[in-house]
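Engineer: Coordinates in structure-v7.json, JSON, C-alpha atoms, are listed below.
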```json
[["chain", "number", "residue", "atom", "x", "y", "z"],
["A", 595, "MET", "CA", 126.97, -148.87, 0.21],
["A", 596, "ASP", "CA", 129.04, -147.32, 2.96],
["A", 597, "ARG", "CA", 127.67, -145.86, 6.19],
["A", 598, "ARG", "CA", 128.13, -142.24, 5.10],
["A", 599, "LYS", "CA", 126.12, -142.79, 1.90],
["A", 600, "SER", "CA", 123.37, -144.55, 3.87],
["A", 601, "ILE", "CA", 123.05, -141.66, 6.32],
["A", 602, "GLN", "CA", 123.06, -139.15, 3.47],
["A", 603, "THR", "CA", 120.30, -141.10, 1.67],
["A", 604, "MET", "CA", 118.17, -141.24, 4.85],
["A", 605, "ILE", "CA", 118.52, -137.50, 5.46],
["A", 606, "LEU", "CA", 117.66, -136.66, 1.85],
["A", 607, "GLY", "CA", 114.71, -139.07, 1.96],
["A", 608, "ALA", "CA", 113.38, -137.53, 5.16],
["A", 609, "GLY", "CA", 113.72, -134.03, 3.75],
["A", 610, "ALA", "CA", 112.00, -134.99, 0.51],
["A", 611, "SER", "CA", 109.10, -136.66, 2.33],
["A", 612, "ALA", "CA", 108.69, -133.62, 4.59],
["A", 613, "LEU", "CA", 108.41, -131.39, 1.51],
["A", 614, "ALA", "CA", 105.93, -133.79, -0.07],
["A", 615, "PHE", "CA", 103.72, -133.86, 3.03],
["A", 616, "HIS", "CA", 103.87, -130.10, 3.38],
["A", 617, "GLY", "CA", 102.73, -129.71, -0.22],
["A", 618, "CYS", "CA", 99.74, -132.01, 0.31],
["A", 619, "GLY", "CA", 97.84, -129.64, 2.62],
["A", 620, "GLY", "CA", 97.16, -126.17, 1.30],
["A", 621, "GLU", "CA", 94.66, -125.78, -1.49],
["A", 622, "ALA", "CA", 92.64, -128.98, -1.02],
["A", 623, "GLN", "CA", 92.20, -128.30, 2.70],
["A", 624, "GLU", "CA", 91.08, -124.74, 2.04],
["A", 625, "LYS", "CA", 88.47, -125.95, -0.48],
["A", 626, "ALA", "CA", 87.14, -128.46, 2.06],
["A", 627, "LYS", "CA", 86.98, -125.81, 4.80],
["A", 628, "GLY", "CA", 85.11, -123.53, 2.40],
["A", 629, "ALA", "CA", 82.53, -126.23, 1.66],
["A", 630, "VAL", "CA", 81.99, -126.79, 5.38],
["A", 631, "ALA", "CA", 81.68, -123.07, 6.03],
["A", 632, "GLN", "CA", 79.05, -122.82, 3.29],
["A", 633, "ALA", "CA", 77.14, -125.68, 4.89],
["A", 634, "GLY", "CA", 77.17, -123.70, 8.13],
["A", 635, "ASP", "CA", 78.26, -126.60, 10.35],
["A", 636, "THR", "CA", 81.84, -127.28, 11.34],
["A", 637, "HIS", "CA", 80.92, -130.29, 13.49],
["A", 638, "TYR", "CA", 81.01, -132.62, 10.45],
["A", 639, "PHE", "CA", 84.27, -131.60, 8.82],
["A", 640, "GLY", "CA", 84.29, -132.23, 5.10],
["A", 641, "ARG", "CA", 80.63, -133.25, 4.76],
["A", 642, "THR", "CA", 78.71, -131.92, 1.81],
["A", 643, "PRO", "CA", 75.37, -130.21, 2.42],
["A", 644, "LYS", "CA", 73.61, -133.28, 1.00],
["A", 645, "GLU", "CA", 75.48, -135.56, 3.41],
["A", 646, "LEU", "CA", 74.67, -133.24, 6.32],
["A", 647, "GLU", "CA", 71.00, -133.38, 5.36],
["A", 648, "ARG", "CA", 71.09, -137.20, 5.29],
["A", 649, "ILE", "CA", 72.84, -137.33, 8.68],
["A", 650, "GLU", "CA", 70.20, -135.03, 10.18],
["A", 651, "LYS", "CA", 67.42, -137.20, 8.74],
["A", 652, "LEU", "CA", 68.99, -140.40, 10.11],
["A", 653, "ASN", "CA", 69.61, -138.84, 13.52],
["A", 654, "ALA", "CA", 65.93, -137.86, 13.72],
["A", 655, "GLU", "CA", 64.82, -141.48, 13.21],
["A", 656, "ARG", "CA", 64.78, -144.23, 15.85],
["A", 657, "LEU", "CA", 65.68, -147.83, 15.04],
["A", 658, "PHE", "CA", 66.02, -149.28, 18.52],
["A", 659, "ASN", "CA", 63.71, -148.78, 21.47],
["A", 660, "GLU", "CA", 65.05, -147.89, 24.91],
["A", 661, "HIS", "CA", 65.39, -151.53, 26.00],
["A", 662, "GLU", "CA", 67.37, -152.42, 22.87],
["A", 663, "MET", "CA", 69.70, -149.42, 23.32],
["A", 664, "GLU", "CA", 70.34, -150.48, 26.93],
["A", 665, "THR", "CA", 71.06, -154.03, 25.75],
["A", 666, "ILE", "CA", 73.54, -152.71, 23.16],
["A", 667, "ALA", "CA", 75.19, -150.61, 25.88],
["A", 668, "VAL", "CA", 75.57, -153.64, 28.17],
["A", 669, "LEU", "CA", 76.74, -155.84, 25.30],
["A", 670, "SER", "CA", 79.36, -153.36, 24.15],
["A", 671, "THR", "CA", 80.62, -152.96, 27.73],
["A", 672, "VAL", "CA", 80.93, -156.73, 28.17],
["A", 673, "ILE", "CA", 82.84, -157.01, 24.89],
["A", 674, "LEU", "CA", 85.08, -154.01, 25.56],
["A", 675, "PRO", "CA", 85.23, -153.14, 29.28],
["A", 676, "PRO", "CA", 86.10, -149.52, 30.11],
["A", 677, "LYS", "CA", 89.73, -148.70, 30.90],
["A", 678, "GLU", "CA", 90.84, -145.71, 32.90],
["A", 679, "PRO", "CA", 91.57, -142.97, 31.96],
["A", 680, "PHE", "CA", 90.10, -143.52, 28.50],
["A", 681, "GLY", "CA", 86.66, -144.84, 29.32],
["A", 682, "GLY", "CA", 84.90, -147.40, 27.20],
["A", 683, "PRO", "CA", 82.26, -147.94, 24.58],
["A", 684, "LEU", "CA", 79.66, -145.77, 26.31],
["A", 685, "GLU", "CA", 81.99, -142.77, 26.37],
["A", 686, "ALA", "CA", 82.67, -143.40, 22.68],
["A", 687, "ASP", "CA", 78.89, -143.47, 21.93],
["A", 688, "VAL", "CA", 79.06, -147.02, 20.56],
["A", 689, "PRO", "CA", 75.31, -147.72, 21.02],
["A", 690, "GLU", "CA", 74.44, -144.54, 19.11],
["A", 691, "PHE", "CA", 76.94, -145.44, 16.39],
["A", 692, "ILE", "CA", 75.47, -148.94, 16.01],
["A", 693, "GLU", "CA", 71.99, -147.43, 15.74],
["A", 694, "PHE", "CA", 73.23, -144.93, 13.14],
["A", 695, "ILE", "CA", 74.83, -147.70, 11.08],
["A", 696, "GLY", "CA", 71.62, -149.73, 11.30],
["A", 697, "LYS", "CA", 69.61, -146.77, 10.03],
["A", 698, "ASP", "CA", 72.15, -145.96, 7.33],
["A", 699, "MET", "CA", 72.34, -149.57, 6.10],
["A", 700, "PRO", "CA", 68.78, -150.96, 6.21],
["A", 701, "ASP", "CA", 69.87, -154.45, 5.10],
["A", 702, "MET", "CA", 71.54, -154.86, 8.53],
["A", 703, "GLN", "CA", 68.42, -154.00, 10.52],
["A", 704, "ASN", "CA", 66.90, -157.50, 10.66],
["A", 705, "THR", "CA", 70.16, -159.03, 11.84],
["A", 706, "LEU", "CA", 70.65, -156.33, 14.49],
["A", 707, "LEU", "CA", 67.07, -156.44, 15.79],
["A", 708, "GLY", "CA", 66.90, -160.24, 15.58],
["A", 709, "GLY", "CA", 70.23, -160.58, 17.35],
["A", 710, "LEU", "CA", 69.09, -158.41, 20.24],
["A", 711, "MET", "CA", 65.90, -160.49, 20.52],
["A", 712, "TRP", "CA", 68.01, -163.66, 20.39],
["A", 713, "LEU", "CA", 70.20, -162.43, 23.27],
["A", 714, "ASP", "CA", 67.15, -161.78, 25.46],
["A", 715, "HIS", "CA", 65.51, -165.08, 24.47],
["A", 716, "ARG", "CA", 68.67, -167.05, 25.22],
["A", 717, "SER", "CA", 69.14, -165.26, 28.53],
["A", 718, "ASN", "CA", 65.50, -165.79, 29.51],
["A", 719, "THR", "CA", 65.64, -169.46, 28.56],
["A", 720, "GLU", "CA", 68.88, -170.19, 30.41],
["A", 721, "PHE", "CA", 68.75, -167.77, 33.34],
["A", 722, "GLY", "CA", 65.19, -166.46, 33.60],
["A", 723, "THR", "CA", 66.19, -162.82, 33.03],
["A", 724, "GLU", "CA", 66.86, -160.38, 30.20],
["A", 725, "PHE", "CA", 70.40, -160.18, 28.85],
["A", 726, "LYS", "CA", 70.96, -156.67, 30.19],
["A", 727, "THR", "CA", 70.05, -157.71, 33.77],
["A", 728, "ALA", "CA", 71.91, -161.03, 33.79],
["A", 729, "THR", "CA", 75.14, -161.28, 35.75],
["A", 730, "LEU", "CA", 78.41, -160.65, 33.95],
["A", 731, "GLU", "CA", 79.27, -164.36, 34.11],
["A", 732, "GLN", "CA", 75.89, -165.29, 32.60],
["A", 733, "GLN", "CA", 76.34, -162.70, 29.85],
["A", 734, "LYS", "CA", 79.82, -164.04, 29.07],
["A", 735, "GLN", "CA", 78.47, -167.59, 29.00],
["A", 736, "ILE", "CA", 75.90, -166.58, 26.36],
["A", 737, "LEU", "CA", 78.46, -164.68, 24.33],
["A", 738, "ASP", "CA", 80.93, -167.58, 24.44],
["A", 739, "THR", "CA", 78.40, -169.69, 22.53],
["A", 740, "ILE", "CA", 78.29, -167.22, 19.62],
["A", 741, "CYS", "CA", 81.70, -165.57, 19.48],
["A", 742, "TYR", "CA", 83.56, -168.62, 18.18],
["A", 743, "ARG", "CA", 82.00, -169.74, 14.93],
["A", 744, "ASP", "CA", 82.82, -172.53, 12.48],
["A", 745, "MET", "CA", 84.72, -170.76, 9.71],
["A", 746, "ASP", "CA", 83.97, -173.61, 7.27],
["A", 747, "VAL", "CA", 80.24, -172.81, 7.38],
["A", 748, "PRO", "CA", 79.22, -169.61, 5.51],
["A", 749, "LEU", "CA", 78.02, -166.86, 7.82],
["A", 750, "ASP", "CA", 74.52, -166.70, 6.27],
["A", 751, "GLU", "CA", 74.06, -170.40, 7.14],
["A", 752, "GLN", "CA", 75.03, -169.86, 10.80],
["A", 753, "PRO", "CA", 72.43, -169.41, 13.58],
["A", 754, "LEU", "CA", 71.06, -165.86, 14.03],
["A", 755, "GLY", "CA", 73.04, -165.27, 17.23],
["A", 756, "ILE", "CA", 76.31, -166.00, 15.45],
["A", 757, "GLN", "CA", 75.35, -163.79, 12.46],
["A", 758, "PHE", "CA", 74.50, -160.98, 14.85],
["A", 759, "PHE", "CA", 77.73, -161.30, 16.80],
["A", 760, "ALA", "CA", 79.84, -161.51, 13.63],
["A", 761, "LEU", "CA", 78.15, -158.36, 12.31]]
```
What's the C-alpha cells form of this structure?

Structural biologist:
Amino acid sequence: MDRRKSIQTMILGAGASALAFHGCGGEAQEKAKGAVAQAGDTHYFGRTPKELERIEKLNAERLFNEHEMETIAVLSTVILPPKEPFGGPLEADVPEFIEFIGKDMPDMQNTLLGGLMWLDHRSNTEFGTEFKTATLEQQKQILDTICYRDMDVPLDEQPLGIQFFAL
C-alpha cells in the first residue's frame, strides 16, 4: 500500500471512530441521568435506588474501631507515600474505602481484622509498640516480611499476615 492510501485510510478510520463514539452517548446517558434524578442523589451517578439504599446502610455501619482505622491509614501511607501536588491515600479516602469493601464483602472481614491484629502483635513483639506508632523503618521491616510471598504455596495456606497483605 502506498503512503497516500495509508494516510487516507487513517483519516477515514479516525472519522469513522469519531462518529461511532459520538453515537454512543445520547439516549443511554439520558436514561441513566433520569434514573439518578428520580433517586434524588447525583453524588452516586448511575446508581439505582436499591444500590443507593445499600450504600447508605453500609455507610451507617462500622467495621473497624478508631485504632484499626488509624492503623489502616498509617499502613496505606507506608505502602503509597503521598506525592505533591496529588496527595496520597488519605486524600483518596483509602481507609474509608477499605472499610466499605470489608462491610460490602463480609467474607473478607476476618482476614482484614486478623491482619490488623497481626500487624500490632508483630510490632509489639519485635519493637514493643503498636504498628501505627512504630518508626517508618520498623514498619517497613514488618511489611518486608509479608510483602514477598512464595508463589508456589497457595494463598490460603500462607500465614495470616501474608494473606492480609495480599488481600

Engineer: Here is a test: counting all atoms listed in the file, which residue of A:Ile666, A:Leu657, A:Ala728, A:Leu652 is nearest to Gln703 in chain A?

Structural biologist: A:Leu657

Engineer: Would you be able to write out as a PyMOL selection string which residues have an atom within 12 Å of (67.9, -157.1, 13.6) in the file's coordinates, counting all atoms listed in the file?

Structural biologist: chain A and resi 657-658+662+666+692-693+695-697+699-713+754-755+757-759+761

Engineer: What is the distance between CA of Ile736 in chain A and CA of Glu720 in chain A, in Å to one decimal?

Structural biologist: 8.9 Å

Engineer: Show me, as a PyMOL selection string, the residues that have an atom within 12 Å of range 672-686 of chain A when counting only C-alpha atoms, minus same-chain residues fewer than 6 positions from it.

Structural biologist: chain A and resi 663-666+692+725-726+728-738+741+759

Engineer: In Å to one decimal, how far is CA of Leu669 in chain A from CA of Asp714 in chain A?

Structural biologist: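 Computing it gives 11.3 Å between the two atoms.
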
Engineer: Will you model all heavy atoms for range 673-684 of chain A and pass it back as a tab-separated table (two decimals), in the coordinates of the input?

Structural biologist:
```tsv
chain	number	residue	atom	x	y	z
A	673	ILE	N	81.84	-156.71	25.92
A	673	ILE	CA	82.84	-157.01	24.89
A	673	ILE	C	84.11	-156.18	25.09
A	673	ILE	O	85.22	-156.69	24.97
A	673	ILE	CB	82.27	-156.76	23.48
A	673	ILE	CG1	81.15	-157.76	23.20
A	673	ILE	CG2	83.36	-156.87	22.42
A	673	ILE	CD1	80.36	-157.46	21.94
A	674	LEU	N	83.94	-154.92	25.41
A	674	LEU	CA	85.08	-154.01	25.56
A	674	LEU	C	84.93	-153.24	26.87
A	674	LEU	O	84.41	-152.12	26.89
A	674	LEU	CB	85.16	-153.05	24.37
A	674	LEU	CG	86.35	-152.13	24.33
A	674	LEU	CD1	87.64	-152.92	24.14
A	674	LEU	CD2	86.21	-151.14	23.18
A	675	PRO	N	85.38	-153.82	27.99
A	675	PRO	CA	85.23	-153.14	29.28
A	675	PRO	C	85.98	-151.81	29.30
A	675	PRO	O	87.02	-151.67	28.67
A	675	PRO	CB	85.86	-154.12	30.27
A	675	PRO	CG	85.92	-155.43	29.57
A	675	PRO	CD	86.02	-155.12	28.11
A	676	PRO	N	85.44	-150.83	30.02
A	676	PRO	CA	86.10	-149.52	30.11
A	676	PRO	C	87.47	-149.63	30.76
A	676	PRO	O	87.70	-150.46	31.62
A	676	PRO	CB	85.16	-148.70	30.99
A	676	PRO	CG	83.89	-149.44	31.04
A	676	PRO	CD	84.19	-150.87	30.77
A	677	LYS	N	88.38	-148.79	30.33
A	677	LYS	CA	89.73	-148.70	30.90
A	677	LYS	C	89.99	-147.26	31.26
A	677	LYS	O	89.75	-146.35	30.48
A	677	LYS	CB	90.78	-149.15	29.87
A	677	LYS	CG	90.58	-150.55	29.36
A	677	LYS	CD	91.62	-151.46	29.93
A	677	LYS	CE	91.57	-152.80	29.24
A	677	LYS	NZ	91.32	-153.87	30.06
A	678	GLU	N	90.49	-147.05	32.47
A	678	GLU	CA	90.84	-145.71	32.90
A	678	GLU	C	92.18	-145.33	32.29
A	678	GLU	O	93.04	-146.19	32.14
A	678	GLU	CB	90.90	-145.63	34.43
A	678	GLU	CG	89.55	-145.76	35.08
A	678	GLU	CD	88.56	-144.68	34.68
A	678	GLU	OE1	88.98	-143.54	34.42
A	678	GLU	OE2	87.36	-144.97	34.61
A	679	PRO	N	92.41	-144.16	31.89
A	679	PRO	CA	91.57	-142.97	31.96
A	679	PRO	C	90.74	-142.74	30.70
A	679	PRO	O	90.13	-141.70	30.53
A	679	PRO	CB	92.61	-141.85	32.10
A	679	PRO	CG	93.74	-142.31	31.25
A	679	PRO	CD	93.77	-143.81	31.43
A	680	PHE	N	90.71	-143.73	29.81
A	680	PHE	CA	90.10	-143.52	28.50
A	680	PHE	C	88.61	-143.77	28.45
A	680	PHE	O	87.94	-143.30	27.54
A	680	PHE	CB	90.81	-144.40	27.46
A	680	PHE	CG	92.29	-144.21	27.47
A	680	PHE	CD1	93.12	-145.20	27.98
A	680	PHE	CD2	92.86	-143.05	27.00
A	680	PHE	CE1	94.49	-145.02	28.01
A	680	PHE	CE2	94.23	-142.86	27.03
A	680	PHE	CZ	95.04	-143.85	27.52
A	681	GLY	N	88.07	-144.52	29.37
A	681	GLY	CA	86.66	-144.84	29.32
A	681	GLY	C	86.43	-146.10	28.51
A	681	GLY	O	87.31	-146.94	28.39
A	682	GLY	N	85.25	-146.19	27.96
A	682	GLY	CA	84.90	-147.40	27.20
A	682	GLY	C	83.92	-147.09	26.10
A	682	GLY	O	83.82	-145.96	25.62
A	683	PRO	N	83.16	-148.10	25.71
A	683	PRO	CA	82.26	-147.94	24.58
A	683	PRO	C	81.13	-146.92	24.81
A	683	PRO	O	80.68	-146.29	23.87
A	683	PRO	CB	81.69	-149.33	24.35
A	683	PRO	CG	82.04	-150.12	25.55
A	683	PRO	CD	83.18	-149.45	26.23
A	684	LEU	N	80.72	-146.74	26.05
A	684	LEU	CA	79.66	-145.77	26.31
A	684	LEU	C	80.17	-144.34	26.13
A	684	LEU	O	79.46	-143.48	25.59
A	684	LEU	CB	79.08	-145.96	27.71
A	684	LEU	CG	78.47	-147.34	27.97
A	684	LEU	CD1	77.86	-147.41	29.36
A	684	LEU	CD2	77.45	-147.71	26.92
```
